[in-house]
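Here is target.pdb, consisting of PDB, C-alpha atoms and all ligand atoms:
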ATOM      1  CA  MET A  20     222.494 -81.404 212.199
ATOM      2  CA  LEU A  21     219.138 -80.548 210.674
ATOM      3  CA  GLU A  22     218.621 -81.166 206.982
ATOM      4  CA  GLU A  23     218.449 -77.566 205.832
ATOM      5  CA  LEU A  24     219.551 -74.198 207.183
ATOM      6  CA  SER A  25     215.960 -73.002 206.970
ATOM      7  CA  ASP A  26     215.017 -75.737 209.499
ATOM      8  CA  HIS A  27     217.590 -74.262 211.882
ATOM      9  CA  LEU A  28     216.161 -70.800 211.224
ATOM     10  CA  MET A  29     212.671 -71.987 212.061
ATOM     11  CA  ASP A  30     213.815 -73.442 215.371
ATOM     12  CA  ILE A  31     215.868 -70.432 216.426
ATOM     13  CA  ALA A  32     213.167 -67.945 215.399
ATOM     14  CA  MET A  33     210.532 -69.959 217.287
ATOM     15  CA  ASN A  34     212.769 -69.766 220.361
ATOM     16  CA  SER A  35     212.550 -65.971 219.962
ATOM     17  CA  VAL A  36     208.769 -66.086 219.647
ATOM     18  CA  ARG A  37     208.504 -68.273 222.756
ATOM     19  CA  ALA A  38     210.728 -65.767 224.570
ATOM     20  CA  GLY A  39     208.043 -63.139 223.933
ATOM     21  CA  ALA A  40     209.838 -61.251 221.173
ATOM     22  CA  LYS A  41     207.807 -58.681 219.261
ATOM     23  CA  ASN A  42     210.612 -58.067 216.774
ATOM     24  CA  VAL A  43     212.709 -60.751 215.172
ATOM     25  CA  GLY A  44     215.402 -59.896 212.644
ATOM     26  CA  ILE A  45     216.836 -62.620 210.470
ATOM     27  CA  SER A  46     219.728 -62.232 208.125
ATOM     28  CA  VAL A  47     221.229 -64.826 205.815
ATOM     29  CA  VAL A  48     224.153 -63.454 203.860
ATOM     30  CA  ALA A  49     226.717 -65.194 201.718
ATOM     31  CA  ASP A  50     230.040 -63.469 201.187
ATOM     32  CA  LYS A  51     231.873 -65.297 198.436
ATOM     33  CA  SER A  52     235.004 -63.205 198.695
ATOM     34  CA  ARG A  53     235.414 -64.251 202.335
ATOM     35  CA  ASN A  54     233.959 -67.724 201.760
ATOM     36  CA  VAL A  55     231.483 -67.227 204.610
ATOM     37  CA  LEU A  56     227.787 -67.730 205.005
ATOM     38  CA  THR A  57     226.485 -65.847 208.028
ATOM     39  CA  VAL A  58     223.126 -66.363 209.661
ATOM     40  CA  THR A  59     222.022 -63.912 212.346
ATOM     41  CA  ILE A  60     218.854 -63.952 214.419
ATOM     42  CA  VAL A  61     218.196 -61.001 216.722
ATOM     43  CA  ASP A  62     215.198 -60.655 219.001
ATOM     44  CA  ASP A  63     213.803 -58.387 221.693
ATOM     45  CA  GLY A  64     212.452 -61.216 223.809
ATOM     46  CA  LYS A  65     213.013 -61.807 227.498
ATOM     47  CA  GLY A  66     216.663 -62.756 227.032
ATOM     48  CA  MET A  67     218.729 -65.006 229.252
ATOM     49  CA  ASP A  68     220.951 -64.516 232.261
ATOM     50  CA  GLU A  69     224.626 -65.492 232.224
ATOM     51  CA  ASN A  70     224.035 -68.979 233.630
ATOM     52  CA  MET A  71     221.427 -69.700 231.035
ATOM     53  CA  VAL A  72     223.644 -68.454 228.207
ATOM     54  CA  ARG A  73     226.241 -70.968 229.371
ATOM     55  CA  SER A  74     223.660 -73.768 229.634
ATOM     56  CA  VAL A  75     221.788 -73.427 226.357
ATOM     57  CA  THR A  76     224.460 -74.988 224.216
ATOM     58  CA  ASP A  77     224.014 -78.140 226.320
ATOM     59  CA  PRO A  78     221.449 -80.465 224.714
ATOM     60  CA  PHE A  79     220.092 -81.345 228.159
ATOM     61  CA  PHE A  80     218.829 -77.832 228.753
ATOM     62  CA  SER A  81     215.336 -76.731 227.874
ATOM     63  CA  THR A  82     212.658 -74.635 229.523
ATOM     64  CA  LYS A  83     209.920 -75.989 227.278
ATOM     65  CA  ALA A  84     207.127 -77.526 229.354
ATOM     66  CA  GLY A  85     207.555 -81.273 229.811
ATOM     67  CA  LYS A  86     210.848 -81.315 227.947
ATOM     68  CA  ARG A  87     214.305 -82.024 229.243
ATOM     69  CA  ILE A  88     216.185 -81.940 226.003
ATOM     70  CA  GLY A  89     216.580 -78.765 223.943
ATOM     71  CA  LEU A  90     218.229 -79.343 220.627
ATOM     72  CA  GLY A  91     217.703 -76.191 218.575
ATOM     73  CA  ILE A  92     220.775 -74.285 219.756
ATOM     74  CA  PRO A  93     223.156 -77.273 220.135
ATOM     75  CA  LEU A  94     222.265 -78.473 216.638
ATOM     76  CA  LEU A  95     222.983 -75.086 215.073
ATOM     77  CA  LYS A  96     226.230 -74.767 217.015
ATOM     78  CA  GLY A  97     227.209 -78.285 215.933
ATOM     79  CA  ALA A  98     226.463 -77.442 212.288
ATOM     80  CA  THR A  99     228.725 -74.371 212.384
ATOM     81  CA  GLU A 100     231.552 -76.349 213.951
ATOM     82  CA  MET A 101     231.212 -79.079 211.337
ATOM     83  CA  CYS A 102     231.471 -76.451 208.585
ATOM     84  CA  ASP A 103     234.542 -74.592 209.932
ATOM     85  CA  GLY A 104     232.356 -71.750 211.151
ATOM     86  CA  GLN A 105     231.610 -70.083 214.443
ATOM     87  CA  PHE A 106     228.661 -69.781 216.760
ATOM     88  CA  THR A 107     228.066 -66.872 219.098
ATOM     89  CA  LEU A 108     225.170 -66.180 221.412
ATOM     90  CA  GLU A 109     224.787 -62.878 223.210
ATOM     91  CA  SER A 110     221.874 -62.332 225.507
ATOM     92  CA  LYS A 111     220.792 -60.117 228.375
ATOM     93  CA  ASN A 112     218.008 -60.730 230.782
ATOM     94  CA  GLY A 113     215.154 -58.483 229.776
ATOM     95  CA  SER A 114     216.591 -57.113 226.582
ATOM     96  CA  GLY A 115     216.856 -59.829 223.976
ATOM     97  CA  THR A 116     219.146 -62.242 222.264
ATOM     98  CA  ARG A 117     221.457 -62.263 219.266
ATOM     99  CA  ILE A 118     222.637 -65.492 217.691
ATOM    100  CA  ARG A 119     225.225 -65.538 214.955
ATOM    101  CA  ALA A 120     226.212 -68.674 213.091
ATOM    102  CA  SER A 121     228.774 -68.747 210.330
ATOM    103  CA  PHE A 122     229.777 -71.480 207.908
ATOM    104  CA  ALA A 123     232.504 -71.935 205.312
ATOM    105  CA  LEU A 124     230.603 -71.502 202.044
ATOM    106  CA  ASP A 125     232.594 -74.128 200.212
ATOM    107  CA  HIS A 126     232.394 -76.731 202.981
ATOM    108  CA  PRO A 127     231.113 -80.063 201.637
ATOM    109  CA  ASP A 128     228.891 -80.534 204.694
ATOM    110  CA  LEU A 129     227.224 -77.126 204.412
ATOM    111  CA  PRO A 130     223.502 -77.894 204.644
ATOM    112  CA  PRO A 131     221.384 -76.653 201.748
ATOM    113  CA  LEU A 132     219.625 -73.366 202.468
ATOM    114  CA  GLY A 133     216.189 -74.849 201.917
ATOM    115  CA  ASN A 134     213.358 -72.425 201.314
ATOM    116  CA  VAL A 135     214.143 -69.450 203.537
ATOM    117  CA  LYS A 136     211.234 -67.393 202.187
ATOM    118  CA  GLU A 137     208.764 -70.190 202.900
ATOM    119  CA  THR A 138     210.138 -70.316 206.454
ATOM    120  CA  ILE A 139     209.497 -66.575 206.844
ATOM    121  CA  PHE A 140     206.018 -67.037 205.406
ATOM    122  CA  LEU A 141     205.215 -69.745 207.970
ATOM    123  CA  LEU A 142     206.636 -67.680 210.820
ATOM    124  CA  CYS A 143     204.552 -64.642 209.801
ATOM    125  CA  VAL A 144     201.232 -66.392 209.446
ATOM    126  CA  THR A 145     201.590 -68.458 212.609
ATOM    127  CA  ASN A 146     202.764 -65.489 214.709
ATOM    128  CA  PRO A 147     200.700 -62.513 213.545
ATOM    129  CA  GLY A 148     201.705 -60.363 216.519
ATOM    130  CA  VAL A 149     205.407 -60.498 215.744
ATOM    131  CA  ARG A 150     207.296 -58.283 213.312
ATOM    132  CA  PHE A 151     209.736 -60.316 211.248
ATOM    133  CA  ARG A 152     212.454 -58.737 209.191
ATOM    134  CA  LEU A 153     214.527 -60.662 206.705
ATOM    135  CA  ARG A 154     217.679 -59.762 204.878
ATOM    136  CA  TYR A 155     218.444 -62.561 202.472
ATOM    137  CA  ARG A 156     221.450 -62.489 200.193
ATOM    138  CA  PRO A 157     222.343 -66.019 199.142
ATOM    139  CA  ASP A 158     224.235 -64.709 196.090
ATOM    140  CA  SER A 159     224.681 -61.328 194.427
ATOM    141  CA  GLU A 160     220.971 -60.518 194.692
ATOM    142  CA  GLU A 161     219.453 -59.327 197.908
ATOM    143  CA  PHE A 162     215.897 -59.777 199.107
ATOM    144  CA  ALA A 163     214.547 -57.774 202.011
ATOM    145  CA  PHE A 164     211.268 -58.286 203.774
ATOM    146  CA  ASP A 165     209.593 -56.580 206.692
ATOM    147  CA  THR A 166     206.226 -57.691 208.063
ATOM    148  CA  LYS A 167     205.514 -54.079 208.963
ATOM    149  CA  GLU A 168     205.415 -53.033 205.308
ATOM    150  CA  ILE A 169     202.548 -55.465 204.854
ATOM    151  CA  THR A 170     200.736 -54.825 208.146
ATOM    152  CA  ASP A 171     200.842 -51.021 207.649
ATOM    153  CA  LYS A 172     198.902 -51.449 204.418
ATOM    154  CA  LEU A 173     196.468 -53.900 205.991
ATOM    155  CA  GLU A 174     195.489 -51.518 208.785
ATOM    156  CA  SER A 175     193.271 -53.686 211.009
ATOM    157  CA  VAL A 176     193.198 -56.832 208.832
ATOM    158  CA  PRO A 177     195.415 -59.492 210.400
ATOM    159  CA  ILE A 178     198.332 -60.881 208.416
ATOM    160  CA  ASN A 179     196.885 -64.372 208.757
ATOM    161  CA  HIS A 180     193.571 -63.423 207.097
ATOM    162  CA  PRO A 181     192.983 -66.029 204.328
ATOM    163  CA  GLU A 182     193.259 -63.486 201.505
ATOM    164  CA  VAL A 183     196.389 -61.947 202.934
ATOM    165  CA  ILE A 184     197.930 -65.396 203.345
ATOM    166  CA  GLY A 185     197.473 -66.001 199.611
ATOM    167  CA  PHE A 186     199.009 -62.631 198.750
ATOM    168  CA  LEU A 187     201.922 -63.136 201.127
ATOM    169  CA  LYS A 188     202.651 -66.577 199.755
ATOM    170  CA  ARG A 189     202.777 -65.253 196.184
ATOM    171  CA  TYR A 190     204.836 -62.242 197.230
ATOM    172  CA  LEU A 191     207.400 -64.348 199.023
ATOM    173  CA  SER A 192     207.614 -66.992 196.334
ATOM    174  CA  GLU A 193     208.618 -64.473 193.668
ATOM    175  CA  ASN A 194     212.295 -64.898 192.817
ATOM    176  CA  SER A 195     212.255 -67.965 195.027
ATOM    177  CA  CYS A 196     215.686 -69.133 196.068
ATOM    178  CA  GLN A 197     216.089 -72.812 196.761
ATOM    179  CA  GLU A 198     219.708 -73.324 195.884
ATOM    180  CA  ARG A 199     221.381 -76.382 197.292
ATOM    181  CA  THR A 200     224.337 -74.244 198.137
ATOM    182  CA  CYS A 201     224.971 -70.548 197.826
ATOM    183  CA  GLY A 202     227.685 -70.993 195.225
TER     184      GLY A 202
HETATM  185  N1  LIG B 301     215.919 -66.260 221.900
HETATM  186  C1  LIG B 301     215.803 -66.767 223.131
HETATM  187  N2  LIG B 301     215.427 -65.983 224.164
HETATM  188  C2  LIG B 301     215.306 -66.477 225.430
HETATM  189  N3  LIG B 301     215.544 -67.771 225.745
HETATM  190  C3  LIG B 301     215.916 -68.612 224.763
HETATM  191  C4  LIG B 301     216.073 -68.165 223.407
HETATM  192  N4  LIG B 301     216.485 -69.202 222.654
HETATM  193  C5  LIG B 301     216.572 -70.252 223.490
HETATM  194  N5  LIG B 301     216.233 -69.914 224.745
HETATM  195  C6  LIG B 301     216.232 -70.808 225.926
HETATM  196  O1  LIG B 301     217.121 -71.857 225.635
HETATM  197  C7  LIG B 301     216.464 -73.122 225.741
HETATM  198  C8  LIG B 301     217.089 -74.073 224.766
HETATM  199  O2  LIG B 301     216.760 -73.726 223.397
HETATM  200  P1  LIG B 301     216.837 -74.847 222.276
HETATM  201  O3  LIG B 301     216.334 -74.305 221.009
HETATM  202  O4  LIG B 301     218.203 -75.422 222.288
HETATM  203  O5  LIG B 301     215.866 -75.972 222.827
HETATM  204  P2  LIG B 301     214.277 -75.879 223.018
HETATM  205  O6  LIG B 301     213.721 -74.761 222.229
HETATM  206  O7  LIG B 301     214.011 -75.878 224.505
HETATM  207  O8  LIG B 301     213.821 -77.272 222.436
HETATM  208  P3  LIG B 301     213.851 -77.705 220.867
HETATM  209  O9  LIG B 301     214.520 -76.603 220.097
HETATM  210  O10 LIG B 301     214.636 -78.980 220.843
HETATM  211  O11 LIG B 301     212.423 -77.883 220.501
HETATM  212  C9  LIG B 301     214.998 -72.812 225.514
HETATM  213  O12 LIG B 301     214.176 -73.780 226.156
HETATM  214  C10 LIG B 301     214.861 -71.431 226.153
HETATM  215  O13 LIG B 301     214.719 -71.537 227.566
HETATM  216 MG    MG B 302     214.314 -74.487 220.186
END
Full structure transcribed into structure tokens:
Amino acid sequence: MLEELSDHLMDIAMNSVRAGAKNVGISVVADKSRNVLTVTIVDDGKGMDENMVRSVTDPFFSTKAGKRIGLGIPLLKGATEMCDGQFTLESKNGSGTRIRASFALDHPDLPPLGNVKETIFLLCVTNPGVRFRLRYRPDSEEFAFDTKEITDKLESVPINHPEVIGFLKRYLSENSCQERTCG
């Protein structure tokens, strides 16, 4: 298990980027009444065929160059199982992938969320050609973010322009959420 849920998010979202996704949707939502924290990552990357979908939860499967061990997906799946949750992966060759991981909110082993907004910030500035959308509701307050809202205003200035980076960092750190748990 990785230390924080935002570390898992980074790995799974980078899988999407490596799969050629131009749109990556991330949602992190806590539902106290159902005692569930649900993390969903949806992309429009190249997807996987049925065999690959079966193989990716095996730690000895990776298509990264020079790598025979792929841990991102098995680690997230393992974390959900440890926290009485569920892991589902749906994917189609050519049309993208959806990963859903749930956790019991009150489970003692639930990893801390970490800084989800900082993770989105890093994803945006290191992958300027990708549209990231975030729906983040760790408690009663919801935060929504869409790269497109920023890039539309920027016109031809890239999102990783130094001045934009500073703005984006401030924007995303407002109302920063770094709770250890979602409780
Ligand atoms: N969103 C995705 N779209 C298409 N293929 C994917 C996606 N996510 C994972 N894969 C495939 O599944 C493999 C395993 O992913 P996983 O995250 O477990 O390991 P990895 O990315 O190869 O290595 P690591 O995460 O340990 O750096 C990837 O190498 C890639 O081939
Ligand atoms: Mg990975």
* **Hits of the PyMOL selection byres (((chain A and resi 117-131) around 8) and not hetatm) in this structure, as number ranges by chain** => A: 21-24, 49, 51, 54-62, 95-96, 98-110, 115-116, 132-133, 198-202
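Take the PyMOL selection byres (((chain A and resi 179) around 10) and not hetatm) and apply it to this file: it picks A:Leu141, A:Cys143, A:Val144, A:Thr145, A:Asn146, A:Pro147, A:Gly148, A:Val176, A:Pro177, A:Ile178, A:His180, A:Pro181, A:Glu182, A:Val183, A:Ile184, A:Gly185, A:Leu187.
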* How far is it from atom CA of Asn112 of chain A to atom CA of Gly91 of chain A, in Å with one decimal? -> 19.7 Å
Per residue of chain A within 9 Å of ligand LIG 301 (chain B), record the nearest atom pair and its distance in Å to one decimal, counting only C-alpha atoms and all ligand atoms, with rows in chain order and ascending residue number, as a tab-separated table.
residue	atom	partner	partner_atom	distance
A:Asp30	CA	B:LIG301	O9	5.7
A:Ile31	CA	B:LIG301	O3	6.0
A:Ala32	CA	B:LIG301	N1	7.3
A:Met33	CA	B:LIG301	O6	7.6
A:Asn34	CA	B:LIG301	N4	4.4
A:Ser35	CA	B:LIG301	N1	3.9
A:Val36	CA	B:LIG301	N1	7.5
A:Arg37	CA	B:LIG301	N2	7.4
A:Ala38	CA	B:LIG301	C2	4.7
A:Gly39	CA	B:LIG301	N2	7.9
A:Ala40	CA	B:LIG301	N2	7.9
A:Ile60	CA	B:LIG301	N1	8.4
A:Val61	CA	B:LIG301	N1	7.7
A:Asp62	CA	B:LIG301	N1	6.4
A:Asp63	CA	B:LIG301	N2	8.2
A:Gly64	CA	B:LIG301	N2	5.6
A:Lys65	CA	B:LIG301	C2	5.6
A:Gly66	CA	B:LIG301	C2	4.3
A:Met67	CA	B:LIG301	C2	5.3
A:Met71	CA	B:LIG301	O1	7.2
A:Val72	CA	B:LIG301	O1	7.8
A:Ser74	CA	B:LIG301	O1	7.9
A:Val75	CA	B:LIG301	O1	5.0
A:Thr76	CA	B:LIG301	O4	6.6
A:Asp77	CA	B:LIG301	O4	7.6
A:Pro78	CA	B:LIG301	O4	6.5
A:Phe79	CA	B:LIG301	O4	8.6
A:Phe80	CA	B:LIG301	C8	5.7
A:Ser81	CA	B:LIG301	O12	3.6
A:Thr82	CA	B:LIG301	O12	3.8
A:Lys83	CA	B:LIG301	O12	4.9
A:Ala84	CA	B:LIG301	O7	8.6
A:Lys86	CA	B:LIG301	O7	7.2
A:Arg87	CA	B:LIG301	O7	7.8
A:Ile88	CA	B:LIG301	O10	6.1
A:Gly89	CA	B:LIG301	O5	3.1
A:Leu90	CA	B:LIG301	O10	3.6
A:Gly91	CA	B:LIG301	O3	3.4
A:Ile92	CA	B:LIG301	O4	3.8
A:Pro93	CA	B:LIG301	O4	5.7
A:Leu94	CA	B:LIG301	O4	7.6
A:Leu95	CA	B:LIG301	O4	8.7
A:Ser110	CA	B:LIG301	N2	7.5
A:Lys111	CA	B:LIG301	C2	8.9
A:Asn112	CA	B:LIG301	C2	8.3
A:Gly115	CA	B:LIG301	N2	6.3
A:Thr116	CA	B:LIG301	N1	5.2
A:Arg117	CA	B:LIG301	N1	7.3
A:Ile118	CA	B:LIG301	N1	8.0
* When the PyMOL selection byres (((chain A and resi 156) around 9) and not hetatm) is applied to the file above, which residues end up in the set, as a list in words? ->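 Going through the file, the PyMOL selection byres (((chain A and resi 156) around 9) and not hetatm) ends up selecting Ser46, Val47, Val48, Ala49, Asp50, Arg154, Tyr155, Pro157, Asp158, Ser159, Glu160, Glu161, Phe162 and Ala163 of chain A.
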* Asked: Looking at A:Thr138, A:Ser175, A:Asn42, A:Ser52, which one is nearest to Met29 of chain A, with distances taken over only C-alpha atoms?
  ->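 That would be A:Thr138, the residue with the smallest distance to Met29 of chain A.
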As AutoDock Vina command-line options: centre and edge lengths in Å, one decimal, of the axis-aligned box holding segment 139-151 of chain A with 8 Å per side:
--center_x 205.2 --center_y -64.0 --center_z 211.0 --size_x 25.0 --size_y 27.5 --size_z 27.1
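Nearest residue to His27 of chain A, choosing from A:Arg189, A:Val149, A:Val135, A:Ser114 and counting only C-alpha atoms: A:Val135.
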* Asked: Could you state the separation of atom CA of Arg152 of chain A and atom CA of Glu69 of chain A in Å, given to one decimal place?
  ->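 Calculated distance between atom CA of Arg152 of chain A and atom CA of Glu69 of chain A is 26.9 Å.
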* To do: Can you work out which one of A:Lys167, A:Arg73, A:Val43, A:Leu28 has the shortest atom-to-atom distance to ligand MG 302 (chain B), counting all atoms listed in the file?
  => A:Leu28
* atom CA of Ser192 of chain A to atom CA of Glu137 of chain A, straight-line distance in Å ->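 Here the two named atoms are 7.4 Å from each other.
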* Among listed residues A:Leu191, A:Asp26, A:Gly113, A:Thr166, nearest ligand MG 302 (chain B) (using all atoms listed in the file) ->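 For ligand MG 302 (chain B), the nearest of the given residues is A:Asp26.
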* Test item: which residues lie within 9 Å of (200.2, -55.1, 200.3) counting only C-alpha atoms, as a ChimeraX atom specification -> /A:168-173,183,186-187
